[in-house]
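Containing mmCIF, C-alpha atoms: work_28.cif.
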```
data_final
#
loop_
_atom_site.label_atom_id
_atom_site.label_comp_id
_atom_site.auth_asym_id
_atom_site.auth_seq_id
_atom_site.Cartn_x
_atom_site.Cartn_y
_atom_site.Cartn_z
CA MET A 1 25.89 55.13 -44.17
CA ASN A 2 25.52 56.92 -40.82
CA TYR A 3 26.78 54.23 -38.45
CA ARG A 4 26.27 56.45 -35.41
CA LYS A 5 22.57 56.83 -36.22
CA LEU A 6 22.24 53.10 -36.88
CA SER A 7 23.83 52.31 -33.53
CA VAL A 8 21.34 54.54 -31.72
CA ILE A 9 18.41 52.92 -33.52
CA SER A 10 19.70 49.42 -32.67
CA GLY A 11 20.05 50.35 -29.04
CA VAL A 12 16.48 51.64 -28.89
CA PHE A 13 15.22 48.48 -30.63
CA ALA A 14 17.09 46.24 -28.17
CA ALA A 15 15.64 48.18 -25.25
CA ALA A 16 12.17 47.75 -26.71
CA LEU A 17 12.69 44.01 -26.99
CA LEU A 18 13.89 43.86 -23.39
CA LEU A 19 10.87 45.79 -22.14
CA GLY A 20 8.59 43.63 -24.26
CA GLY A 21 10.07 40.54 -22.65
CA CYS A 22 9.31 41.94 -19.24
CA VAL A 23 5.61 42.32 -20.02
CA ALA A 24 5.24 39.05 -21.99
CA PRO A 25 2.74 36.45 -20.62
CA THR A 26 4.22 34.13 -17.97
CA THR A 27 2.97 30.89 -16.43
CA ARG A 28 2.22 31.22 -12.72
CA SER A 29 1.66 28.38 -10.25
CA ALA A 30 -1.94 28.21 -9.17
CA SER A 31 -2.66 29.62 -5.73
CA VAL A 32 -4.66 27.05 -3.76
CA ASP A 33 -6.23 27.78 -0.41
CA ARG A 34 -4.77 25.42 2.23
CA ALA A 35 -8.18 25.28 3.89
CA VAL A 36 -9.64 23.88 0.67
CA ILE A 37 -6.89 21.24 0.48
CA GLU A 38 -7.45 20.19 4.10
CA ARG A 39 -11.21 20.04 3.61
CA GLU A 40 -10.77 17.77 0.59
CA ALA A 41 -8.37 15.54 2.56
CA GLU A 42 -10.87 15.36 5.42
CA LEU A 43 -13.64 14.46 2.98
CA GLN A 44 -11.50 11.60 1.66
CA ARG A 45 -10.94 10.36 5.22
CA GLU A 46 -14.69 10.43 5.86
CA ILE A 47 -15.33 8.43 2.68
CA ALA A 48 -12.61 5.89 3.62
CA LEU A 49 -14.02 5.43 7.13
CA GLU A 50 -17.61 5.18 5.90
CA THR A 51 -16.59 2.60 3.26
CA TYR A 52 -14.66 0.53 5.81
CA LEU A 53 -17.63 0.45 8.19
CA LYS A 54 -20.01 -0.44 5.37
CA TYR A 55 -17.85 -3.43 4.41
CA SER A 56 -17.48 -4.43 8.06
CA GLN A 57 -21.23 -4.27 8.68
CA ARG A 58 -21.96 -6.41 5.64
CA LEU A 59 -19.37 -8.97 6.73
CA HIS A 60 -20.86 -9.26 10.23
CA ARG A 61 -24.42 -9.38 8.89
CA VAL A 62 -23.62 -12.37 6.68
CA ALA A 63 -21.36 -14.06 9.25
CA TYR A 64 -23.74 -13.91 12.22
CA PRO A 65 -26.24 -16.66 11.26
CA ILE A 66 -23.34 -18.93 10.20
CA LEU A 67 -21.56 -18.51 13.54
CA LYS A 68 -24.82 -18.90 15.47
CA ASN A 69 -25.98 -22.04 13.67
CA GLY A 70 -22.47 -23.50 13.73
CA ALA A 71 -22.17 -23.23 17.52
CA SER A 72 -23.52 -26.77 17.89
CA LEU A 73 -20.33 -28.08 16.22
CA PHE A 74 -18.27 -27.12 19.26
CA ASP A 75 -18.16 -28.19 22.88
CA GLU A 76 -16.44 -25.24 24.53
CA LYS A 77 -15.37 -23.02 21.61
CA VAL A 78 -18.38 -20.71 21.87
CA ARG A 79 -19.09 -17.25 23.24
CA PRO A 80 -22.06 -14.96 23.93
CA LEU A 81 -22.86 -12.11 21.53
CA ILE A 82 -25.16 -9.10 21.86
CA GLY A 83 -24.68 -7.72 18.36
CA PHE A 84 -23.89 -4.02 18.46
CA ASN A 85 -20.62 -2.13 17.94
CA TYR A 86 -19.82 0.92 20.03
CA ALA A 87 -17.20 3.67 20.01
CA ASN A 88 -16.34 7.19 21.09
CA LYS A 89 -14.04 9.66 19.33
CA TYR A 90 -10.97 8.10 20.99
CA SER A 91 -11.74 4.69 19.49
CA PHE A 92 -10.26 5.83 16.16
CA PRO A 93 -6.71 6.88 15.17
CA LYS A 94 -6.02 10.61 15.50
CA ASP A 95 -6.23 11.23 11.76
CA LEU A 96 -9.74 9.70 11.67
CA ARG A 97 -11.21 11.25 14.81
CA LYS A 98 -12.55 14.33 13.05
CA ALA A 99 -14.13 12.08 10.41
CA SER A 100 -15.73 9.90 13.09
CA VAL A 101 -17.20 12.96 14.79
CA SER A 102 -18.57 14.21 11.46
CA LEU A 103 -20.09 10.84 10.52
CA PHE A 104 -21.48 9.72 13.90
CA GLY A 105 -21.41 12.78 16.13
CA LEU A 106 -19.04 10.98 18.51
CA GLY A 107 -17.81 12.61 21.69
CA GLU A 108 -16.48 11.52 25.07
CA ARG A 109 -19.28 9.00 25.70
CA LEU A 110 -19.58 5.59 24.10
CA GLN A 111 -22.38 5.21 21.62
CA ILE A 112 -23.62 2.52 19.26
CA ILE A 113 -22.30 2.94 15.70
CA SER A 114 -23.84 -0.19 14.17
CA VAL A 115 -26.32 -2.96 14.98
CA THR A 116 -26.01 -6.32 13.21
CA PRO A 117 -29.38 -7.43 11.75
CA GLY A 118 -30.90 -10.54 13.32
CA THR A 119 -28.81 -10.35 16.48
CA PRO A 120 -30.23 -9.98 20.00
CA ALA A 121 -29.33 -6.27 19.91
CA ASP A 122 -31.41 -5.84 16.77
CA ASP A 123 -34.32 -7.82 18.18
CA ALA A 124 -34.21 -5.82 21.43
CA GLY A 125 -34.46 -2.53 19.55
CA PHE A 126 -31.02 -0.93 19.94
CA GLN A 127 -30.28 1.76 17.36
CA GLU A 128 -27.28 3.58 15.93
CA ARG A 129 -26.36 6.70 17.91
CA ASP A 130 -27.81 5.30 21.16
CA ILE A 131 -25.48 6.52 23.94
CA LEU A 132 -24.51 3.76 26.40
CA VAL A 133 -25.16 4.82 29.99
CA ALA A 134 -25.10 1.71 32.22
CA ILE A 135 -25.06 -2.11 32.21
CA ASN A 136 -26.97 -3.75 35.03
CA LYS A 137 -26.86 -0.38 36.85
CA GLN A 138 -23.06 -0.13 36.49
CA GLN A 139 -22.06 3.11 34.79
CA VAL A 140 -20.43 2.84 31.38
CA PRO A 141 -16.93 4.41 31.28
CA VAL A 142 -16.30 7.75 29.55
CA GLY A 143 -13.23 9.25 27.90
CA LEU A 144 -9.89 8.14 26.50
CA ASN A 145 -9.83 4.41 27.37
CA ALA A 146 -13.58 3.94 27.66
CA ALA A 147 -13.88 1.40 24.81
CA GLN A 148 -11.18 -0.89 26.26
CA VAL A 149 -12.68 -0.76 29.77
CA MET A 150 -16.16 -1.30 28.37
CA ARG A 151 -15.00 -4.38 26.43
CA LYS A 152 -13.66 -6.01 29.61
CA THR A 153 -16.78 -5.06 31.57
CA LEU A 154 -19.08 -6.43 28.89
CA ASP A 155 -17.05 -9.65 28.64
CA GLY A 156 -17.53 -10.12 32.36
CA TYR A 157 -21.30 -9.80 32.02
CA THR A 158 -21.65 -11.97 28.92
CA GLN A 159 -20.04 -15.18 30.12
CA SER A 160 -23.44 -16.81 29.76
CA ASP A 161 -26.68 -16.20 27.92
CA ARG A 162 -28.29 -14.58 30.96
CA PRO A 163 -30.21 -11.39 30.12
CA LEU A 164 -28.71 -7.96 30.70
CA THR A 165 -30.34 -4.61 31.32
CA ILE A 166 -28.59 -1.88 29.34
CA SER A 167 -29.45 1.78 29.90
CA ILE A 168 -29.15 4.04 26.88
CA LEU A 169 -29.77 7.68 26.08
CA ARG A 170 -31.77 8.24 22.89
CA ASP A 171 -32.80 11.74 21.84
CA SER A 172 -32.09 12.92 25.41
CA VAL A 173 -34.49 10.29 26.82
CA LEU A 174 -33.16 7.59 29.17
CA LYS A 175 -34.30 4.06 28.29
CA GLU A 176 -33.63 0.62 29.74
CA ILE A 177 -33.49 -2.32 27.33
CA ASP A 178 -33.32 -5.99 28.31
CA VAL A 179 -31.29 -8.22 26.01
CA ARG A 180 -30.26 -11.88 26.16
CA PRO A 181 -26.96 -12.68 24.37
CA ALA A 182 -26.88 -15.36 21.67
CA ILE A 183 -24.33 -18.18 21.76
CA ILE A 184 -22.11 -18.31 18.66
CA CYS A 185 -18.85 -19.92 17.52
CA ASP A 186 -15.91 -18.26 19.21
CA TYR A 187 -14.14 -17.28 16.00
CA GLN A 188 -13.94 -13.56 15.39
CA VAL A 189 -14.63 -12.56 11.77
CA ILE A 190 -12.26 -9.76 10.74
CA LEU A 191 -12.23 -7.42 7.76
CA GLY A 192 -8.72 -7.42 6.27
CA GLU A 193 -7.47 -4.11 4.86
CA SER A 194 -5.77 -5.70 1.84
CA ASN A 195 -7.27 -5.31 -1.63
CA ALA A 196 -5.93 -8.76 -2.53
CA ILE A 197 -8.66 -11.35 -3.13
CA ASN A 198 -8.12 -13.57 -0.12
CA ALA A 199 -9.72 -15.23 2.90
CA TYR A 200 -8.04 -17.34 5.56
CA ALA A 201 -8.47 -18.93 8.96
CA ASP A 202 -5.77 -19.29 11.62
CA GLY A 203 -7.56 -21.47 14.14
CA LYS A 204 -8.65 -18.42 16.16
CA THR A 205 -10.05 -15.92 13.66
CA ILE A 206 -11.48 -15.72 10.15
CA THR A 207 -10.16 -12.90 7.95
CA ILE A 208 -11.94 -11.76 4.79
CA THR A 209 -10.12 -9.06 2.81
CA ARG A 210 -11.68 -5.98 1.22
CA GLY A 211 -10.64 -7.41 -2.14
CA MET A 212 -12.69 -10.54 -1.51
CA LEU A 213 -15.71 -8.49 -0.44
CA LYS A 214 -15.51 -6.46 -3.64
CA LEU A 215 -15.35 -9.65 -5.70
CA VAL A 216 -18.25 -11.51 -4.03
CA ASP A 217 -20.98 -8.90 -4.19
CA ASP A 218 -23.63 -11.60 -3.65
CA ASP A 219 -24.28 -12.42 0.03
CA THR A 220 -24.73 -16.12 -0.71
CA GLU A 221 -21.26 -16.26 -2.25
CA LEU A 222 -19.83 -14.41 0.75
CA ALA A 223 -21.56 -16.87 3.09
CA LEU A 224 -19.90 -19.75 1.25
CA VAL A 225 -16.47 -18.13 1.72
CA ILE A 226 -17.07 -17.56 5.44
CA GLY A 227 -18.45 -21.09 5.86
CA HIS A 228 -15.41 -22.55 4.11
CA GLU A 229 -13.02 -20.72 6.46
CA LEU A 230 -15.10 -21.70 9.48
CA ALA A 231 -14.85 -25.33 8.34
CA ASN A 232 -11.06 -24.94 8.22
CA ASN A 233 -11.09 -23.79 11.84
CA VAL A 234 -13.48 -26.59 12.82
CA MET A 235 -11.27 -29.25 11.24
CA LYS A 236 -8.14 -27.92 12.94
CA HIS A 237 -10.05 -27.95 16.23
CA ILE A 238 -11.22 -31.54 15.69
CA ASN A 239 -7.80 -32.71 14.49
CA ALA A 240 -6.19 -31.22 17.61
CA LYS A 241 -8.68 -33.07 19.83
CA ILE A 242 -8.03 -36.33 17.96
CA LYS A 243 -4.27 -35.83 18.34
CA ASN A 244 -4.60 -35.09 22.06
CA TYR A 245 -6.80 -38.17 22.49
CA ALA A 246 -4.28 -40.36 20.66
CA VAL A 247 -1.36 -39.12 22.80
CA GLY A 248 -3.44 -39.60 25.95
CA SER A 249 -4.33 -43.15 24.92
CA ILE A 250 -0.62 -44.03 24.52
CA PHE A 251 0.07 -42.85 28.06
CA ASP A 252 -2.91 -44.84 29.33
CA ILE A 253 -1.53 -48.00 27.68
CA LEU A 254 2.00 -47.41 29.05
CA ALA A 255 0.62 -46.79 32.53
CA ALA A 256 -1.43 -50.01 32.37
CA MET A 257 1.73 -51.93 31.43
CA TYR A 258 3.23 -50.81 34.76
CA GLY A 259 0.11 -51.67 36.69
CA VAL A 260 -1.30 -48.14 36.94
CA ASP A 261 -4.96 -47.61 36.15
CA THR A 262 -5.46 -44.02 34.97
CA GLY A 263 -9.18 -44.46 34.45
CA GLY A 264 -8.76 -42.87 31.03
CA ALA A 265 -7.46 -39.66 32.58
#
```
How would this structure read if it were set down as structure tokens?
Amino acid sequence: MNYRKLSVISGVFAAALLLGGCVAPTTRSASVDRAVIEREAELQREIALETYLKYSQRLHRVAYPILKNGASLFDEKVRPLIGFNYANKYSFPKDLRKASVSLFGLGERLQIISVTPGTPADDAGFQERDILVAINKQQVPVGLNAAQVMRKTLDGYTQSDRPLTISILRDSVLKEIDVRPAIICDYQVILGESNAINAYADGKTITITRGMLKLVDDDTELALVIGHELANNVMKHINAKIKNYAVGSIFDILAAMYGVDTGGA
């Protein structure tokens, strides 16, 4: 056998195998455009924000008549309500600002993003996307802290049910709308971010979680949940008054024993 010839042939065959390996199919990682990834992430943020606001609007729509009709259960634990929510692009966290601009066209100026059905704002004719210009001729703030300043200003004007004149810009047309706040129970109804099925009252607020809202898709059922938590707050309020009255009565009795007439003070 010619071993020299065999060695040459083997070398050529090995080289062929090596070259074949170089051109064999390989698995490559997919090349994804970063712009596409960011656009998808932004779309998800828009959906999350839109879903949150939808849940929040439903919660306030169902809660409003309960809080309004329950106001008679309280002496001083009430507050005025107009019934619209407002924001500008700075009202949202930085990662949601682009989504808020896309959904509502928000900018530097405050504008209405939702109107609760049945409220004075709804009856007066306010609409989403109305830009707030002035309240009783006082200019509405603009810019970074506008929402916080506006909240304090509005609280100062709504300490009673006296009517307000609010100037708005709608489709580039300036309008003045008169609205009289409604008196409701002073317990803020809050949408909780948790997906746990829960609702609770802390004596100051009523929190209904997203999980609870998903479970009770019927508004009557949701009203029962809100009413139950309002009753918890009412009972704590009444129990505190009873306790304060009892303590005060003890002091009245002790004072009378020492000849002091407090007059029930």
task: Run the PyMOL selection byres ((chain A and resi 121) around 9) on the file and write out the hits as a PyMOL selection string.
output: chain A and resi 81-84+115-120+122-127+179-181
task: Pull out every residue that the PyMOL selection byres ((chain A and resi 86-91) around 10) matches in the shown coordinates and put them as a PyMOL selection string.
output: chain A and resi 84-85+92-94+96-101+104-115+128-132+142-148+150-151
task: Could you give me, as a PyMOL selection string, the residues that sit within 12 Å of (-27.1, -15.8, 11.6) in the file's coordinates, counting only C-alpha atoms?
output: chain A and resi 59-71+81+83+116-120+182-185+223+226-227
- request: Would you write out, as a list in words, every residue that the PyMOL selection byres ((chain A and resi 214) around 12) captures in this file?
  value: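 That selection, the PyMOL selection byres ((chain A and resi 214) around 12), comes back as Thr51, Tyr52, Lys54, Tyr55, Arg58, Leu59, Leu191, Glu193, Ser194, Asn195, Ala196, Ile197, Asn198, Ile208, Thr209, Arg210, Gly211, Met212, Leu213, Leu215, Val216, Asp217, Asp218, Asp219, Glu221 and Leu222 of chain A.
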- request: Please indicate the distance in Å from atom CA of A:Ile168 to atom CA of A:Ala134, rounded to one decimal place.
  value: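 It comes out at 7.1 Å.
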message: Calculated over all atoms listed in the file, which of the candidates A:Lys204, A:His228, A:Arg79, A:Lys175 has the smallest distance to A:Tyr187?
response: A:Lys204
task: Could you please determine the separation between atom CA of A:Val133 and atom CA of A:Val149 in Å, to one decimal place?
output: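 Atom-to-atom, atom CA of A:Val133 and atom CA of A:Val149 are spaced 13.7 Å apart.
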message: Show me the residues around (-30.1, -6.4, 32.7) - criterion: an atom at most 10 Å away, only C-alpha atoms counted - as a PyMOL selection string.
response: chain A and resi 134-137+157+162-167+176-180
With C-alpha atoms retained, write the just-selected residues as a short mmCIF file (atom, residue, chain, number, x, y, z; two decimals), in the frame of the given file.
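Generated file (result-v5.cif):
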```
data_model
loop_
_atom_site.label_atom_id
_atom_site.label_comp_id
_atom_site.auth_asym_id
_atom_site.auth_seq_id
_atom_site.Cartn_x
_atom_site.Cartn_y
_atom_site.Cartn_z
CA ALA A 134 -25.10 1.71 32.22
CA ILE A 135 -25.06 -2.11 32.21
CA ASN A 136 -26.97 -3.75 35.03
CA LYS A 137 -26.86 -0.38 36.85
CA TYR A 157 -21.30 -9.80 32.02
CA ARG A 162 -28.29 -14.58 30.96
CA PRO A 163 -30.21 -11.39 30.12
CA LEU A 164 -28.71 -7.96 30.70
CA THR A 165 -30.34 -4.61 31.32
CA ILE A 166 -28.59 -1.88 29.34
CA SER A 167 -29.45 1.78 29.90
CA GLU A 176 -33.63 0.62 29.74
CA ILE A 177 -33.49 -2.32 27.33
CA ASP A 178 -33.32 -5.99 28.31
CA VAL A 179 -31.29 -8.22 26.01
CA ARG A 180 -30.26 -11.88 26.16
#
```
